[in-house]
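**Q** Pasting a structure here, questions to come.
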Protein chains: 2
Amino acid sequence: MRITVLAGGVGAARFLRGLKAEAPDADITVIGNTGDDIILFGLHVSPDLDTVMYTLGGGISEEQGWGRADETFTVLKELAAYHTGPDWFSLGDRDFATHITRTSMLSEGASLSAATAVLCQRSQPGVTLIPMSDDPVETHVILQDGPVLPESTGSLGSTGRRTVHFQEWWVRLHAAVPAAGFVLAGAEDAAPAPGVLEAIDGADVVLFPPSNPVVSVGTILAVPGIADAVRAKTVVGVSPIIGGAPVRGMADACLAAIGVPATAQAVAAHYGPGLLNGWLVDEQDKAAVDAPELAGITVRALPLYMSSLPATAAIARGALDLAQELRA
Amino acid sequence: MRITVLAGGVGAARFLRGLKAEAPDADITVIGNTGDDIILFGLHVSPDLDTVMYTLGGGISEEQGWGRADETFTVLKELAAYHTGPDWFSLGDRDFATHITRTSMLSEGASLSAATAVLCQRSQPGVTLIPMSDDPVETHVILQDGPVLPESTGSLGSTGRRTVHFQEWWVRLHAAVPAAGFVLAGAEDAAPAPGVLEAIDGADVVLFPPSNPVVSVGTILAVPGIADAVRAKTVVGVSPIIGGAPVRGMADACLAAIGVPATAQAVAAHYGPGLLNGWLVDEQDKAAVDAPELAGITVRALPLYMSSLPATAAIARGALDLAQELRA
């Protein structure tokens with residue numbers, strides 16, 4: 001069985017653990033969001049790719065959900081003494097080695113997907129992990145209000161005075177300053193990385209894990225060619241919203257920025273029946289099952305909290321079963 | 001008093017400590033050798049600049065003479081797990097922060113001298129430290145014999161099959177494979193960094209510390225314009241050779257490669273009276289004082305082992321006194 005997953009960071013990584021447990025023989029390709037990528041201290045940091053890699057390949061900090069376990073922070077402390085780079089992004093010494101390796105390869109002309117493959121050779125995540133694109137795409141956040149930051153960390157040029165790199169909004173401002181919208185700088189000119197369209201075309205099912213529908217799955221779908229390829233497939237998504245609140249992260253702040261209510265139902269309607277064939281919601285959102293707005297999407301309610309590996313595997317099973325039904 | 005010093009690594013750094021102690025009010029400019037610079041793990045490493053900076057600014061590993069004290073090696077271990085870069089060059093976590101800062105600035109278009117100034121803002125070495133050039137110059141070693149290495153770490157192109165980057169010869173091969181000569185790749189097209197010629201022109205005295213005369217002082221002098229500027233000044237050198245052996249390092253291996261005997265006298269003759277006005281030798285080499293080959297160079301014998309700060313300060317005092325006499 002060939003499964004292709006469009007993945008953000010922590011939520012996707014946890015879901016993928018359950019999927020691997022439930023479908024150990026499946027050929028799983030993960031297309032990772034790189035819109036959150038950022039140059040920090042001159043190094044190319046790919047938060048979502050690394051979260052998937054560390055979670056599936058071992059070494060993830062289970063407490064944080066991102067970064068490496070047993071971290072030390074010697075390099076970061078020294079960089080702070082040199083006043084190099086921002087002081088609001090935490091990178092541990094082990095993690096630095098990943099970014100140094102990636103940046104070194106990129107500076108020698110390798111593509112991001114080639115660098116990702118080398119990193120995965122060591123990490124062995126048990127899935128094929130591909131960035132959505134080898135071209136730079138940067139999610140910028142247009143701030144509705146609040147302070148004009150002294151500098152933006154975005155490297156692709158911003159679209160206005162109050163526009164900051166996604167990480168600056170997410171990590172530095174904790175998404176507390178309302179966003180008026182997002183700009184996917186570079187997306188229009190980006191091409192899917194080698195293997196992305198092939199993995200979608202060849203998949204028996206495409207899954208949307210409970211990732212942020214705006215700045216994770218939405219960003220991947222914004223790379224020209226990917227949404228069209230996905231539309232041609234059987235697609236089942238797992239709601240990242242339970243009972244009107246994100247399972248984790250601040251997806252509600254992102255949905256608010258694009259005028260979508262933070263409900264399981266509204267997120268499915270946002271994807272739309274042209275893209276989404278099946279949708280898993282939590283039992284407390286089972287009203288969505290018969291919602292007329294979701295005509296054309298088969299909705300199923302089941303427990304969606306990824307509270308343990310068995311619970312997460314059951315969600316993955318639910319998604320695969322629904323996909324099976326939809327294909328039949 | 002304005003003093004300008006052409007410096008290599010450990011020997012120069014120790015001498016400079018003595019010089020600062022002996023002449024605390026002097027305005028000291030250190031022109032550092034960058035021919036040993038190397039790209040490791042995609043990062044720009046400047047061993048000699050850092051040794052001077054760490055030694056004078058604090059934080060040097062006193063046991064090693066280079067690198068930072070109290071080092072940990074988390075990043076390097078992780079890089080090894082990724083099979084990134086060579087396994088024969090040791091870099092600690094604290095040290096990595098220096099190279100990340102430098103590389104980050106260079107990648108944003110800053111010059112090496114600008115990056116060095118920023119690093120020194122934190123380190124406060126108490127001297128003005130300037131790289132010999134902002135242009136890339138790489139010392140390559142032509143191996144006389146021995147194994148053809150699988151790959152060379154030189155990035156400026158090698159001149160033959162058996163040519164390796166200096167660090168590869170020095171650190172990986174421990175200078176045990178005889179060298180047939182050196183190539184200073186890039187030197188012909190390099191310009192002195194901003195401030196280098198001004199520091200020499202404006203100096204009351206130019207000092208050669210007991211650095212390697214071939215691959216440290218010799219490399220600096222190979223940057224077009226520097227040797228001519230030095231020739232116009234009162235120049236006093238401190239012999240790096242005592243009793244026919246280098247005080248530290250493997251200067252004898254370098255001298256052998258260019259056909260110069262490893263004696264205090266031969267090194268002075270190699271520099272020549274056109275460049276060198278005064279020369280300090282150790283008491284055991286006092287035969288050099290009246291050597292006819294050194295006509296035109298005023299040679300003085302005194303204890304030259306830098307065994308303590310007072311002993312080193314006395315050597316610096318000897319150099320300054322001799323310069324004073326020569327100028328009078």
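The chains in the structure tokens are called A, B, ... from first to last as shown; in each chain the residues are counted from 1, and the ligands are counted from 1 in the order shown.
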Please return, as a ChimeraX atom specification, all residues of chain B lying within 7 Å of chain A when only C-alpha atoms are considered.

**A** /B:41-42,74-75,78-79,81-82,84,93-94,96-97,100-101,104,119,122

**Q** Choose the residue, out of B:Ile31, B:Ala287, B:Val217, B:Ile315, that has the smallest atom-to-atom separation from B:Tyr271; count only C-alpha atoms.

**A**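 Once distances to B:Tyr271 are computed over only C-alpha atoms, the minimum belongs to B:Val217.
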
**Q** DSSP on the backbone: what in stretch 50-180 of chain B comes out strand (DSSP E), as a compact mmCIF listing (two decimals) with C-alpha atoms, in the first residue's frame?

**A**
```txt
# COMPACT_ATOMS: atom_id res chain seq x y z
CA THR B 128 43.68 45.56 16.98
CA LEU B 129 43.49 42.22 15.22
CA ILE B 130 43.33 42.35 11.41
CA PRO B 131 43.54 39.45 8.98
CA GLU B 138 45.20 29.12 1.10
CA THR B 139 48.48 27.50 1.93
CA HIS B 140 48.77 24.22 0.06
CA VAL B 141 51.48 21.70 0.70
CA ILE B 142 53.17 19.77 -2.10
CA LEU B 143 53.92 16.37 -0.63
CA THR B 163 48.98 18.77 -3.03
CA VAL B 164 46.87 19.12 0.08
CA HIS B 165 45.54 21.95 2.19
CA ALA B 179 56.83 18.57 2.02
CA ALA B 180 58.45 19.47 -1.29
```

**Q** DSSP on the backbone: which residues in stretch 99-300 of chain B end up as alpha helix (DSSP H)? Give the answer as JSON, numbers by chain.

**A** {"B": [99, 100, 101, 102, 103, 104, 105, 106, 107, 112, 113, 114, 115, 116, 117, 118, 119, 120, 121, 122, 123, 166, 167, 196, 197, 198, 199, 200, 201, 217, 218, 219, 220, 221, 226, 227, 228, 229, 230, 231, 251, 252, 253, 254, 255, 256, 257, 264, 265, 266, 267, 268, 269, 270, 271]}

**Q** Considering only C-alpha atoms, return as a compact mmCIF listing (two decimals) with all heavy atoms, in the first residue's frame whatever protein or nucleic-acid residues lie within 10 Å of A:Pro246, sequence-local ones (same chain, fewer than 5 positions apart) excluded.

**A**
```txt
# COMPACT_ATOMS: atom_id res chain seq x y z
N PRO A 210 -3.37 15.73 11.29
CA PRO A 210 -3.93 16.88 12.00
C PRO A 210 -2.93 18.03 12.09
O PRO A 210 -2.56 18.47 13.18
CB PRO A 210 -4.28 16.31 13.38
CG PRO A 210 -3.36 15.16 13.56
CD PRO A 210 -3.15 14.58 12.19
N SER A 211 -2.49 18.49 10.92
CA SER A 211 -1.55 19.61 10.84
C SER A 211 -2.33 20.89 10.63
O SER A 211 -3.51 20.86 10.27
CB SER A 211 -0.58 19.40 9.67
OG SER A 211 0.36 18.39 9.96
N ASN A 212 -1.64 21.99 10.82
CA ASN A 212 -2.25 23.30 10.62
C ASN A 212 -2.74 23.42 9.17
O ASN A 212 -1.95 23.32 8.23
CB ASN A 212 -1.19 24.37 10.92
CG ASN A 212 -1.79 25.76 11.03
OD1 ASN A 212 -2.51 26.19 10.13
ND2 ASN A 212 -1.49 26.44 12.11
N SER A 239 -9.03 15.98 11.37
CA SER A 239 -9.23 17.34 11.85
C SER A 239 -8.20 17.72 12.92
O SER A 239 -8.01 17.00 13.89
CB SER A 239 -10.62 17.52 12.44
OG SER A 239 -10.74 18.84 12.95
N PRO A 240 -7.56 18.89 12.74
CA PRO A 240 -6.65 19.37 13.78
C PRO A 240 -7.41 20.17 14.86
O PRO A 240 -6.80 20.62 15.81
CB PRO A 240 -5.71 20.30 13.00
CG PRO A 240 -6.57 20.85 11.91
CD PRO A 240 -7.56 19.77 11.55
N ILE A 241 -8.71 20.32 14.64
CA ILE A 241 -9.55 21.07 15.59
C ILE A 241 -10.50 20.09 16.28
O ILE A 241 -11.18 19.30 15.61
CB ILE A 241 -10.37 22.15 14.84
CG1 ILE A 241 -9.47 23.09 14.02
CG2 ILE A 241 -11.25 22.94 15.83
CD1 ILE A 241 -8.65 24.07 14.83
N ALA A 251 -3.36 26.89 15.71
CA ALA A 251 -4.04 26.88 14.42
C ALA A 251 -5.22 27.84 14.40
O ALA A 251 -5.57 28.39 13.36
CB ALA A 251 -4.50 25.46 14.07
N ASP A 252 -5.85 28.04 15.58
CA ASP A 252 -7.00 28.96 15.62
C ASP A 252 -6.60 30.37 15.20
O ASP A 252 -7.34 31.06 14.49
CB ASP A 252 -7.67 28.95 17.00
CG ASP A 252 -6.67 29.03 18.14
OD1 ASP A 252 -5.45 28.83 17.91
OD2 ASP A 252 -7.10 29.31 19.28
N ALA A 253 -5.41 30.79 15.62
CA ALA A 253 -4.93 32.13 15.24
C ALA A 253 -4.72 32.22 13.73
O ALA A 253 -4.94 33.27 13.12
CB ALA A 253 -3.64 32.46 15.98
N ALA A 262 -12.72 28.31 13.85
CA ALA A 262 -11.91 27.20 14.36
C ALA A 262 -12.81 26.06 14.77
O ALA A 262 -13.00 25.76 15.95
CB ALA A 262 -11.03 27.68 15.51
N THR A 263 -13.40 25.40 13.76
CA THR A 263 -14.21 24.21 14.03
C THR A 263 -13.80 23.14 13.03
O THR A 263 -13.30 23.43 11.93
CB THR A 263 -15.73 24.47 13.84
OG1 THR A 263 -15.98 24.74 12.45
CG2 THR A 263 -16.19 25.66 14.68
N ALA A 264 -14.02 21.90 13.41
CA ALA A 264 -13.68 20.77 12.54
C ALA A 264 -14.44 20.89 11.22
O ALA A 264 -13.92 20.58 10.14
CB ALA A 264 -14.02 19.46 13.24
```

**Q** Extract, using only C-alpha atoms, all DNA, RNA and protein residues at most 12 Å from A:Ala256, discarding same-chain residues fewer than 6 positions from it, and format them as a list in words.

**A** Gln144, Ala175, Ala176, Val177, Pro178, Ala179, Ala180, Gly181, Phe182, Pro213, Val214, Ala245, Met250, Ala262, Thr263, Ala266 and Val267 of chain A

**Q** List the spatial neighbours of B:Gly58 as a ChimeraX atom specification - criterion: any atom at most 9 Å away, only C-alpha atoms, same-chain residues fewer than 5 positions off excluded.

**A** /B:53,68,123-125

**Q** For B:Leu326, please output as a PyMOL selection string all residues within 9 Å (counting only C-alpha atoms; exclusion window: fewer than 2 positions along the same chain).

**A** chain B and resi 234+277-278+298+321-324+328

**Q** Just write the chosen residues, N, CA, C and O atoms, as a short mmCIF file (atom, residue, chain, number, x, y, z; two decimals), in the first residue's frame.

**A**
```
data_model
loop_
_atom_site.label_atom_id
_atom_site.label_comp_id
_atom_site.auth_asym_id
_atom_site.auth_seq_id
_atom_site.Cartn_x
_atom_site.Cartn_y
_atom_site.Cartn_z
N THR B 234 61.53 49.77 10.89
CA THR B 234 62.45 49.08 11.79
C THR B 234 61.79 47.77 12.19
O THR B 234 60.71 47.76 12.78
N ASN B 277 65.95 44.05 10.62
CA ASN B 277 67.01 44.90 11.16
C ASN B 277 67.60 44.33 12.44
O ASN B 277 68.78 44.48 12.70
N GLY B 278 66.74 43.72 13.25
CA GLY B 278 67.21 43.13 14.50
C GLY B 278 66.68 41.73 14.67
O GLY B 278 65.61 41.39 14.15
N THR B 298 71.30 43.21 13.24
CA THR B 298 71.84 43.27 14.60
C THR B 298 71.24 42.13 15.41
O THR B 298 70.02 42.06 15.60
N ASP B 321 63.66 47.01 23.12
CA ASP B 321 64.93 47.71 23.37
C ASP B 321 65.81 47.72 22.12
O ASP B 321 66.41 48.74 21.76
N LEU B 322 65.87 46.57 21.48
CA LEU B 322 66.70 46.48 20.27
C LEU B 322 66.14 47.41 19.18
O LEU B 322 66.90 48.12 18.49
N ALA B 323 64.81 47.43 19.07
CA ALA B 323 64.20 48.33 18.08
C ALA B 323 64.54 49.78 18.39
O ALA B 323 64.85 50.58 17.49
N GLN B 324 64.50 50.12 19.67
CA GLN B 324 64.80 51.49 20.11
C GLN B 324 66.24 51.87 19.70
O GLN B 324 66.47 52.96 19.15
N ALA B 328 67.57 54.68 16.87
CA ALA B 328 68.30 55.86 17.38
C ALA B 328 69.44 56.27 16.43
O ALA B 328 69.87 55.49 15.58
#
```

**Q** Please compute the atom CA of A:Thr4-atom CA of A:Ala199 distance, one decimal, in Å.

**A**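 Those two atoms sit 6.4 Å apart.
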
**Q** Do a neighbour search on A:Ile3 at 7 Å with only C-alpha atoms, toss out local chain neighbours closer than 6 positions, and write the hits as JSON, numbers by chain.

**A** {"A": [26, 27, 28, 29, 203, 204, 205, 206]}

**Q** Can you measure atom CA of A:Val230 to atom CA of A:Ala7 for me? One decimal in Å is fine.

**A**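 For atom CA of A:Val230 relative to atom CA of A:Ala7, the distance reads 13.5 Å.
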
**Q** Calculate how many Å separate atom CA of B:His174 from atom CA of B:Cys254, rounding to one decimal.

**A**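 These two atoms are separated by 11.8 Å.
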